[in-house]
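Chemist: My file is data.cif. It has mmCIF, C-alpha atoms:
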data_model
loop_
_atom_site.label_atom_id
_atom_site.label_comp_id
_atom_site.auth_asym_id
_atom_site.auth_seq_id
_atom_site.Cartn_x
_atom_site.Cartn_y
_atom_site.Cartn_z
CA MET A 13 49.33 39.22 220.73
CA LYS A 14 50.58 42.79 220.91
CA SER A 15 48.02 45.41 221.33
CA PRO A 16 48.05 47.98 218.61
CA SER A 17 50.14 50.96 219.54
CA THR A 18 48.29 54.19 220.00
CA LYS A 19 49.68 57.30 218.42
CA ALA A 20 50.41 60.04 220.83
CA SER A 21 48.18 63.02 220.29
CA PRO A 22 50.10 65.97 218.92
CA ARG A 23 51.39 68.29 221.56
CA LYS A 24 49.57 71.52 221.63
CA VAL A 25 51.88 74.44 221.30
CA ARG A 26 50.69 77.68 222.78
CA PRO A 27 51.17 80.52 220.40
CA THR A 28 53.73 83.01 221.59
CA ALA A 29 52.44 86.41 222.27
CA ALA A 30 53.25 88.83 219.53
CA LYS A 31 55.76 91.43 220.52
CA PRO A 32 54.33 94.90 220.47
CA VAL A 33 55.42 96.78 217.41
CA ALA A 34 57.16 99.96 218.29
CA LYS A 35 55.34 102.98 216.99
CA PRO A 36 57.37 105.33 214.91
CA ALA A 37 58.62 108.27 216.89
CA THR A 38 56.69 111.41 216.33
CA ALA A 39 58.02 114.87 216.70
CA ALA A 40 57.30 116.47 220.03
CA PRO A 41 54.73 119.20 219.80
CA SER A 42 56.16 122.67 219.63
CA GLN A 43 56.39 124.45 222.94
CA ALA A 44 56.04 127.82 221.24
CA THR A 45 53.02 129.87 222.15
CA GLN A 46 50.56 129.72 219.28
CA ILE A 47 48.81 132.96 218.47
CA ASP A 48 45.31 132.29 217.27
CA ARG A 49 43.26 134.51 214.99
CA GLN A 50 41.16 135.91 217.82
CA ALA A 51 44.23 136.94 219.82
CA MET A 52 45.85 138.57 216.82
CA GLY A 53 42.65 140.40 215.96
CA HIS A 54 42.35 141.66 219.54
CA ARG A 55 45.88 143.06 219.39
CA ILE A 56 45.22 144.84 216.12
CA ARG A 57 42.08 146.39 217.60
CA GLU A 58 43.91 147.50 220.77
CA VAL A 59 46.67 149.22 218.81
CA ARG A 60 44.15 150.81 216.44
CA LYS A 61 42.21 152.26 219.36
CA GLY A 62 45.45 153.45 220.91
CA CYS A 63 46.08 155.37 217.69
CA ALA A 64 42.55 156.84 217.89
CA LEU A 65 41.63 155.40 214.50
CA THR A 66 38.27 154.06 213.43
CA LEU A 67 38.06 150.90 211.35
CA LYS A 68 37.15 153.01 208.32
CA GLN A 69 40.12 155.33 208.81
CA LEU A 70 42.54 152.41 209.19
CA SER A 71 41.04 150.75 206.11
CA GLU A 72 41.67 153.90 204.07
CA LYS A 73 45.27 154.12 205.32
CA CYS A 74 46.32 150.51 204.83
CA GLY A 75 44.34 149.63 201.71
CA VAL A 76 42.70 146.58 203.31
CA SER A 77 38.94 146.57 202.67
CA LEU A 78 36.68 147.49 205.57
CA PRO A 79 34.88 144.08 205.65
CA THR A 80 38.22 142.21 205.61
CA LEU A 81 39.69 144.44 208.30
CA SER A 82 36.61 143.91 210.47
CA LYS A 83 36.92 140.13 210.06
CA MET A 84 40.62 140.34 210.92
CA GLU A 85 39.84 142.08 214.21
CA LEU A 86 37.15 139.51 215.01
CA GLY A 87 39.51 136.64 214.22
CA GLN A 88 37.23 135.34 211.47
CA VAL A 89 39.82 135.28 208.69
CA SER A 90 43.41 134.19 208.30
CA ILE A 91 45.82 137.12 208.06
CA SER A 92 48.18 136.96 205.11
CA TYR A 93 51.58 138.60 205.52
CA GLU A 94 50.88 141.43 203.08
CA LYS A 95 47.70 142.48 204.91
CA PHE A 96 49.41 141.95 208.24
CA ALA A 97 52.33 144.18 207.15
CA ALA A 98 50.07 146.85 205.65
CA VAL A 99 48.07 147.16 208.88
CA ALA A 100 51.22 147.37 211.05
CA LEU A 101 52.73 149.99 208.72
CA SER A 102 49.60 152.13 208.84
CA LEU A 103 49.54 151.88 212.64
CA GLY A 104 53.14 153.13 212.71
CA ILE A 105 54.56 150.12 214.54
CA ASP A 106 56.98 147.27 213.93
CA ILE A 107 55.03 144.27 212.65
CA ALA A 108 56.48 142.20 215.52
CA GLN A 109 54.67 144.34 218.08
CA LEU A 110 51.40 142.65 217.14
CA PHE A 111 52.94 139.43 218.49
CA GLN A 112 53.54 140.96 221.92
CA PRO A 113 51.05 140.25 224.75
CA GLU A 114 50.52 143.99 225.28
CA PRO A 115 51.59 145.90 222.18
CA LYS A 116 52.73 149.44 222.90
CA VAL A 117 51.86 152.07 220.36
CA LYS A 118 54.96 153.84 219.06
CA ALA A 119 56.90 152.44 222.02
CA ALA A 120 60.00 152.19 219.83
CA ARG A 121 60.33 155.98 219.87
CA LYS A 122 60.36 156.16 223.68
CA ILE A 123 62.47 153.28 224.93
CA LYS A 124 66.22 152.86 225.02
CA PRO A 125 67.44 151.25 221.78
CA THR A 126 67.90 147.48 221.97
CA ILE A 127 71.52 146.32 221.65
CA TYR A 128 70.67 142.77 220.65
CA SER A 129 67.88 140.21 220.67
CA ARG A 130 68.51 136.53 221.36
CA SER A 131 66.05 133.67 221.80
CA SER A 132 64.93 130.31 220.34
CA LEU A 133 62.07 129.07 218.20
CA GLU A 134 60.55 127.30 221.22
CA SER A 135 60.07 130.63 222.99
CA THR A 136 58.95 132.60 219.93
CA PRO A 137 55.20 133.05 219.41
CA ASN A 138 53.97 131.65 216.12
CA TYR A 139 50.98 132.44 213.96
CA ILE A 140 49.35 129.76 211.83
CA SER A 141 47.62 130.95 208.67
CA ASP A 142 45.87 128.87 206.01
CA HIS A 143 49.11 128.19 204.15
CA TYR A 144 52.03 128.90 206.46
CA ASP A 145 53.17 128.57 210.05
CA HIS A 146 55.09 131.78 210.84
CA HIS A 147 57.49 132.65 213.65
CA LEU A 148 58.43 136.35 213.47
CA LEU A 149 61.83 136.58 215.14
CA ALA A 150 63.45 139.27 217.32
CA ASN A 151 60.07 140.61 218.41
CA ASP A 152 61.62 142.58 221.24
CA PHE A 153 63.99 144.44 218.91
CA LEU A 154 61.82 147.33 217.80
CA ASP A 155 62.44 149.57 214.78
CA LYS A 156 64.36 146.80 213.04
CA SER A 157 65.79 147.42 209.57
CA MET A 158 64.85 143.83 208.67
CA THR A 159 62.03 141.44 209.58
CA PRO A 160 63.41 137.91 210.03
CA ALA A 161 61.03 134.96 210.17
CA TYR A 162 61.06 131.19 210.32
CA SER A 163 58.21 129.60 208.36
CA ARG A 164 56.86 126.12 207.74
CA ILE A 165 55.23 125.88 204.31
CA ARG A 166 52.05 123.79 204.27
CA ALA A 167 50.53 124.87 200.93
CA ARG A 168 50.89 122.37 198.08
CA SER A 169 49.03 123.96 195.18
CA MET A 170 48.23 127.46 193.90
CA ASP A 171 44.59 126.36 193.93
CA GLU A 172 44.73 126.86 197.70
CA PHE A 173 45.36 130.61 197.26
CA GLU A 174 42.94 133.34 196.26
CA GLY A 175 45.84 135.21 194.67
CA TYR A 176 49.49 136.11 195.01
CA GLY A 177 50.77 138.03 198.00
CA SER A 178 52.99 141.10 197.64
CA HIS A 179 54.37 143.84 199.85
CA PRO A 180 56.88 146.67 199.34
CA GLY A 181 60.52 145.80 199.84
CA GLN A 182 62.92 142.97 199.17
CA GLU A 183 63.12 139.44 200.47
CA PHE A 184 65.78 136.82 201.15
CA LEU A 185 64.77 133.15 201.46
CA LEU A 186 66.90 130.18 202.53
CA VAL A 187 65.50 126.62 202.51
CA LEU A 188 66.34 124.91 205.81
CA SER A 189 64.72 121.56 205.04
CA GLY A 190 62.56 119.98 202.35
CA ALA A 191 62.00 121.67 199.00
CA ILE A 192 59.81 124.49 197.74
CA GLN A 193 58.55 126.09 194.58
CA LEU A 194 58.45 129.87 194.56
CA CYS A 195 55.68 131.01 192.23
CA PHE A 196 55.50 134.55 190.83
CA GLU A 197 52.43 136.25 189.39
CA SER A 198 54.41 136.70 186.15
CA GLY A 199 54.16 132.94 185.64
CA GLU A 200 57.79 132.29 186.52
CA THR A 201 58.58 129.56 189.05
CA VAL A 202 61.80 128.76 190.91
CA ALA A 203 62.47 125.36 192.49
CA LEU A 204 64.65 125.37 195.59
CA LYS A 205 65.89 122.54 197.78
CA LYS A 206 67.69 122.41 201.13
CA SER A 207 70.55 124.95 201.48
CA GLU A 208 69.53 126.88 198.35
CA TRP A 209 68.49 130.52 198.58
CA ILE A 210 66.97 133.33 196.54
CA TYR A 211 66.76 137.12 196.84
CA PHE A 212 63.90 138.90 195.10
CA ASP A 213 61.65 141.95 194.92
CA SER A 214 58.73 141.16 197.21
CA GLY A 215 56.63 143.84 195.50
CA THR A 216 56.07 141.22 192.79
CA GLY A 217 53.18 138.89 193.69
CA HIS A 218 54.50 135.57 194.98
CA ALA A 219 53.58 132.42 196.90
CA TYR A 220 55.47 129.46 198.39
CA LEU A 221 54.58 125.80 197.87
CA SER A 222 56.11 122.73 199.53
CA THR A 223 57.19 120.14 196.98
CA SER A 224 58.77 117.66 199.43
CA LYS A 225 56.98 114.87 201.31
CA LYS A 226 57.24 116.82 204.54
CA ASP A 227 56.41 120.49 204.93
CA ALA A 228 59.37 122.61 203.91
CA GLN A 229 61.01 124.89 206.46
CA ILE A 230 62.50 128.20 205.41
CA LEU A 231 64.23 131.26 206.82
CA LEU A 232 62.90 134.58 205.53
CA VAL A 233 64.46 138.01 205.91
CA MET A 234 62.34 140.91 204.64
CA THR A 235 63.33 144.54 204.48
CA ARG A 236 61.58 146.59 207.12
CA LEU A 237 58.65 148.60 205.79
CA GLN A 238 59.04 152.30 206.45
CA THR A 239 56.26 154.30 208.07
CA PRO A 240 54.90 156.90 205.63
CA THR A 241 55.93 160.48 206.48
#
Mind turning this structure into structure tokens?
Modeler:
Amino acid sequence: MKSPSTKASPRKVRPTAAKPVAKPATAAPSQATQIDRQAMGHRIREVRKGCALTLKQLSEKCGVSLPTLSKMELGQVSISYEKFAAVALSLGIDIAQLFQPEPKVKAARKIKPTIYSRSSLESTPNYISDHYDHHLLANDFLDKSMTPAYSRIRARSMDEFEGYGSHPGQEFLLVLSGAIQLCFESGETVALKKSEWIYFDSGTGHAYLSTSKKDAQILLVMTRLQTPT
């Protein structure tokens, strides 16, 4: 009599190790030197003292309130472009000089004129405000007729702003990547996408908003503010 056959126990299969999932590549951090609020405030204070101006006197010249100006020098508040430009104008210097490690008061009147300025974004100091990431370009070309800048727009809603910014002069804007909405205090808005540009009177209050998934990147060229005579 045949013995009953025994069923072979199922072979245990060792689970294969899961292959590691490659992480999406992330952009390398910028190598540009970031200028923080404290550093910028220190530079404003150094130039102001070099001009022999008190905080009150500078406040009266530039139209920025004394408390705000004091906070700017202490690095306790983000500096918007219009306040930034007004302070530089009242100090009689190119706005880009506040981005230099050792700003020289009225140095543009004493040095040999610059023939050209050439660099890259990676070597250009940048200043991060509440809404924008600014790189003022051609910092070493003093007494420029224009102020060129590369900016990354991080703001997404007008609710993030206390108001519209404005400054004397005219402005050219070219969208390098992403899309933006240019909002004017008149209530008008202009939508711009990559490769589109606009030229406008920057004395009209305005603000930039990113409308793309990623922060928009733009090139700005602003007419140089003239020192009052």
Chemist: Of the residues A:Glu183, A:Asp227, A:Glu174, A:Glu58, which is the one nearest to Ile210 of chain A, using all atoms listed in the file?
Modeler: A:Glu183
Chemist: So how far away is atom CA of Ser157 of chain A from atom CA of Thr201 of chain A, in Å?
Modeler: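 That distance, rounded to one decimal, is 28.1 Å.
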Chemist: Please provide as an NGL selection string all residues within 9 Å of Lys73 of chain A, with the sequence filter that same-chain residues fewer than 6 positions apart are discarded (counting all atoms listed in the file).
Modeler: :A and (98-99 or 102-103)
Chemist: Which residues fall under the PyMOL selection byres ((chain A and resi 81-88) around 12) in this file, as a PDB file with C-alpha atoms, in the frame of the given file?
Modeler:
ATOM      1  CA  ILE A  47      48.810 132.960 218.470  1.00  0.00           C
ATOM      2  CA  ASP A  48      45.310 132.290 217.270  1.00  0.00           C
ATOM      3  CA  ARG A  49      43.260 134.510 214.990  1.00  0.00           C
ATOM      4  CA  GLN A  50      41.160 135.910 217.820  1.00  0.00           C
ATOM      5  CA  ALA A  51      44.230 136.940 219.820  1.00  0.00           C
ATOM      6  CA  MET A  52      45.850 138.570 216.820  1.00  0.00           C
ATOM      7  CA  GLY A  53      42.650 140.400 215.960  1.00  0.00           C
ATOM      8  CA  HIS A  54      42.350 141.660 219.540  1.00  0.00           C
ATOM      9  CA  ARG A  55      45.880 143.060 219.390  1.00  0.00           C
ATOM     10  CA  ILE A  56      45.220 144.840 216.120  1.00  0.00           C
ATOM     11  CA  ARG A  57      42.080 146.390 217.600  1.00  0.00           C
ATOM     12  CA  GLU A  58      43.910 147.500 220.770  1.00  0.00           C
ATOM     13  CA  VAL A  59      46.670 149.220 218.810  1.00  0.00           C
ATOM     14  CA  ARG A  60      44.150 150.810 216.440  1.00  0.00           C
ATOM     15  CA  LYS A  61      42.210 152.260 219.360  1.00  0.00           C
ATOM     16  CA  THR A  66      38.270 154.060 213.430  1.00  0.00           C
ATOM     17  CA  LEU A  67      38.060 150.900 211.350  1.00  0.00           C
ATOM     18  CA  LYS A  68      37.150 153.010 208.320  1.00  0.00           C
ATOM     19  CA  GLN A  69      40.120 155.330 208.810  1.00  0.00           C
ATOM     20  CA  LEU A  70      42.540 152.410 209.190  1.00  0.00           C
ATOM     21  CA  SER A  71      41.040 150.750 206.110  1.00  0.00           C
ATOM     22  CA  GLU A  72      41.670 153.900 204.070  1.00  0.00           C
ATOM     23  CA  LYS A  73      45.270 154.120 205.320  1.00  0.00           C
ATOM     24  CA  CYS A  74      46.320 150.510 204.830  1.00  0.00           C
ATOM     25  CA  GLY A  75      44.340 149.630 201.710  1.00  0.00           C
ATOM     26  CA  VAL A  76      42.700 146.580 203.310  1.00  0.00           C
ATOM     27  CA  SER A  77      38.940 146.570 202.670  1.00  0.00           C
ATOM     28  CA  LEU A  78      36.680 147.490 205.570  1.00  0.00           C
ATOM     29  CA  PRO A  79      34.880 144.080 205.650  1.00  0.00           C
ATOM     30  CA  THR A  80      38.220 142.210 205.610  1.00  0.00           C
ATOM     31  CA  VAL A  89      39.820 135.280 208.690  1.00  0.00           C
ATOM     32  CA  SER A  90      43.410 134.190 208.300  1.00  0.00           C
ATOM     33  CA  ILE A  91      45.820 137.120 208.060  1.00  0.00           C
ATOM     34  CA  SER A  92      48.180 136.960 205.110  1.00  0.00           C
ATOM     35  CA  LYS A  95      47.700 142.480 204.910  1.00  0.00           C
ATOM     36  CA  PHE A  96      49.410 141.950 208.240  1.00  0.00           C
ATOM     37  CA  ALA A  98      50.070 146.850 205.650  1.00  0.00           C
ATOM     38  CA  VAL A  99      48.070 147.160 208.880  1.00  0.00           C
ATOM     39  CA  LEU A 110      51.400 142.650 217.140  1.00  0.00           C
ATOM     40  CA  SER A 141      47.620 130.950 208.670  1.00  0.00           C
TER      41      SER A 141
END
Chemist: Applied to the shown file, which residues does the PyMOL selection byres ((chain A and resi 176) around 7) return, written as a PyMOL selection string?
Modeler: chain A and resi 175+177-178+197+217-219
Chemist: Got a sec: who's within 6 Å of His179 of chain A, counting all atoms listed in the file, leaving out chain neighbours fewer than 4 positions off, as a VMD selection string?
Modeler: chain A and resid 94 214 to 215
Chemist: Decode the PyMOL selection byres ((chain A and resi 186) around 7) for the given file into explicit residues and return them as a VMD selection string.
Modeler: chain A and resid 184 to 185 187 to 188 207 to 210 230 to 232
Chemist: Pick from A:Leu154, A:Leu221, A:Met234, A:Gln229: nearest to Ile127 of chain A, with only C-alpha atoms counted?
Modeler: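 Counting only C-alpha atoms, the residue closest to Ile127 of chain A is A:Leu154.
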Chemist: State, in Å with one decimal place, the distance from atom CA of Leu149 of chain A to atom CA of Lys226 of chain A.
Modeler: 22.9 Å
Chemist: Which is closest to Lys225 of chain A among A:Phe212, A:Asn138, A:Ala191, A:Gly104, if we use only C-alpha atoms?
Modeler: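 Nearest to Lys225 of chain A: A:Ala191.
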Chemist: List as JSON, numbers by chain the protein and nucleic acid residues near Arg168 of chain A, meaning an atom at most 10 Å away when all atoms listed in the file are counted, but skip any in the same chain fewer than 5 places from it.
Modeler: {"A": [143, 173, 192, 193, 220, 221, 222, 223, 224, 227]}
Chemist: Which one is closest to Thr235 of chain A: A:Met170, A:Ala97, A:Ile140, A:Cys63? Count only C-alpha atoms.
Modeler: A:Ala97
Chemist: What does the distance from atom CA of Ala161 of chain A to atom CA of Leu148 of chain A come to in Å, to one decimal?
Modeler: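 Result for atom CA of Ala161 of chain A versus atom CA of Leu148 of chain A: 4.4 Å, one decimal.
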Chemist: Using the atoms already present, construct N, CA and C atoms for segment 84-107 of chain A and hand them back as a PDB file, in the frame of the given file.
Modeler:
ATOM      1  N   MET A  84      39.300 140.545 210.322  1.00  0.00           N
ATOM      2  CA  MET A  84      40.620 140.340 210.920  1.00  0.00           C
ATOM      3  C   MET A  84      40.569 140.618 212.420  1.00  0.00           C
ATOM      4  N   GLU A  85      39.924 141.717 212.793  1.00  0.00           N
ATOM      5  CA  GLU A  85      39.840 142.080 214.210  1.00  0.00           C
ATOM      6  C   GLU A  85      38.985 141.085 214.997  1.00  0.00           C
ATOM      7  N   LEU A  86      38.018 140.489 214.344  1.00  0.00           N
ATOM      8  CA  LEU A  86      37.150 139.510 215.010  1.00  0.00           C
ATOM      9  C   LEU A  86      37.742 138.102 214.986  1.00  0.00           C
ATOM     10  N   GLY A  87      38.866 137.957 214.297  1.00  0.00           N
ATOM     11  CA  GLY A  87      39.510 136.640 214.220  1.00  0.00           C
ATOM     12  C   GLY A  87      38.762 135.667 213.331  1.00  0.00           C
ATOM     13  N   GLN A  88      38.047 136.191 212.344  1.00  0.00           N
ATOM     14  CA  GLN A  88      37.230 135.340 211.470  1.00  0.00           C
ATOM     15  C   GLN A  88      37.915 135.013 210.152  1.00  0.00           C
ATOM     16  N   VAL A  89      39.126 135.514 209.948  1.00  0.00           N
ATOM     17  CA  VAL A  89      39.820 135.280 208.690  1.00  0.00           C
ATOM     18  C   VAL A  89      41.312 135.169 208.966  1.00  0.00           C
ATOM     19  N   SER A  90      41.973 134.337 208.191  1.00  0.00           N
ATOM     20  CA  SER A  90      43.410 134.190 208.300  1.00  0.00           C
ATOM     21  C   SER A  90      44.093 135.444 207.764  1.00  0.00           C
ATOM     22  N   ILE A  91      45.138 135.896 208.458  1.00  0.00           N
ATOM     23  CA  ILE A  91      45.820 137.120 208.060  1.00  0.00           C
ATOM     24  C   ILE A  91      47.040 136.781 207.216  1.00  0.00           C
ATOM     25  N   SER A  92      47.019 137.176 205.960  1.00  0.00           N
ATOM     26  CA  SER A  92      48.180 136.960 205.110  1.00  0.00           C
ATOM     27  C   SER A  92      49.244 137.996 205.470  1.00  0.00           C
ATOM     28  N   TYR A  93      50.498 137.702 205.123  1.00  0.00           N
ATOM     29  CA  TYR A  93      51.580 138.600 205.520  1.00  0.00           C
ATOM     30  C   TYR A  93      51.393 139.996 204.958  1.00  0.00           C
ATOM     31  N   GLU A  94      50.976 140.106 203.679  1.00  0.00           N
ATOM     32  CA  GLU A  94      50.880 141.430 203.080  1.00  0.00           C
ATOM     33  C   GLU A  94      49.830 142.300 203.775  1.00  0.00           C
ATOM     34  N   LYS A  95      48.710 141.711 204.179  1.00  0.00           N
ATOM     35  CA  LYS A  95      47.700 142.480 204.910  1.00  0.00           C
ATOM     36  C   LYS A  95      48.200 142.795 206.314  1.00  0.00           C
ATOM     37  N   PHE A  96      48.825 141.806 206.915  1.00  0.00           N
ATOM     38  CA  PHE A  96      49.410 141.950 208.240  1.00  0.00           C
ATOM     39  C   PHE A  96      50.410 143.108 208.255  1.00  0.00           C
ATOM     40  N   ALA A  97      51.304 143.145 207.242  1.00  0.00           N
ATOM     41  CA  ALA A  97      52.330 144.180 207.150  1.00  0.00           C
ATOM     42  C   ALA A  97      51.715 145.548 206.867  1.00  0.00           C
ATOM     43  N   ALA A  98      50.706 145.582 205.997  1.00  0.00           N
ATOM     44  CA  ALA A  98      50.070 146.850 205.650  1.00  0.00           C
ATOM     45  C   ALA A  98      49.388 147.477 206.865  1.00  0.00           C
ATOM     46  N   VAL A  99      48.736 146.656 207.681  1.00  0.00           N
ATOM     47  CA  VAL A  99      48.070 147.160 208.880  1.00  0.00           C
ATOM     48  C   VAL A  99      49.112 147.694 209.873  1.00  0.00           C
ATOM     49  N   ALA A 100      50.184 146.929 210.113  1.00  0.00           N
ATOM     50  CA  ALA A 100      51.220 147.370 211.050  1.00  0.00           C
ATOM     51  C   ALA A 100      51.854 148.673 210.581  1.00  0.00           C
ATOM     52  N   LEU A 101      52.124 148.779 209.272  1.00  0.00           N
ATOM     53  CA  LEU A 101      52.730 149.990 208.720  1.00  0.00           C
ATOM     54  C   LEU A 101      51.830 151.195 208.931  1.00  0.00           C
ATOM     55  N   SER A 102      50.540 151.025 208.685  1.00  0.00           N
ATOM     56  CA  SER A 102      49.600 152.130 208.840  1.00  0.00           C
ATOM     57  C   SER A 102      49.404 152.526 210.298  1.00  0.00           C
ATOM     58  N   LEU A 103      49.639 151.573 211.209  1.00  0.00           N
ATOM     59  CA  LEU A 103      49.540 151.880 212.640  1.00  0.00           C
ATOM     60  C   LEU A 103      50.838 152.484 213.174  1.00  0.00           C
ATOM     61  N   GLY A 104      51.875 152.521 212.322  1.00  0.00           N
ATOM     62  CA  GLY A 104      53.140 153.130 212.710  1.00  0.00           C
ATOM     63  C   GLY A 104      53.946 152.301 213.684  1.00  0.00           C
ATOM     64  N   ILE A 105      53.829 150.972 213.610  1.00  0.00           N
ATOM     65  CA  ILE A 105      54.560 150.120 214.540  1.00  0.00           C
ATOM     66  C   ILE A 105      55.312 149.034 213.775  1.00  0.00           C
ATOM     67  N   ASP A 106      56.276 148.436 214.459  1.00  0.00           N
ATOM     68  CA  ASP A 106      56.980 147.270 213.930  1.00  0.00           C
ATOM     69  C   ASP A 106      55.965 146.126 213.885  1.00  0.00           C
ATOM     70  N   ILE A 107      55.967 145.379 212.809  1.00  0.00           N
ATOM     71  CA  ILE A 107      55.030 144.270 212.650  1.00  0.00           C
ATOM     72  C   ILE A 107      55.101 143.291 213.824  1.00  0.00           C
TER      73      ILE A 107
END
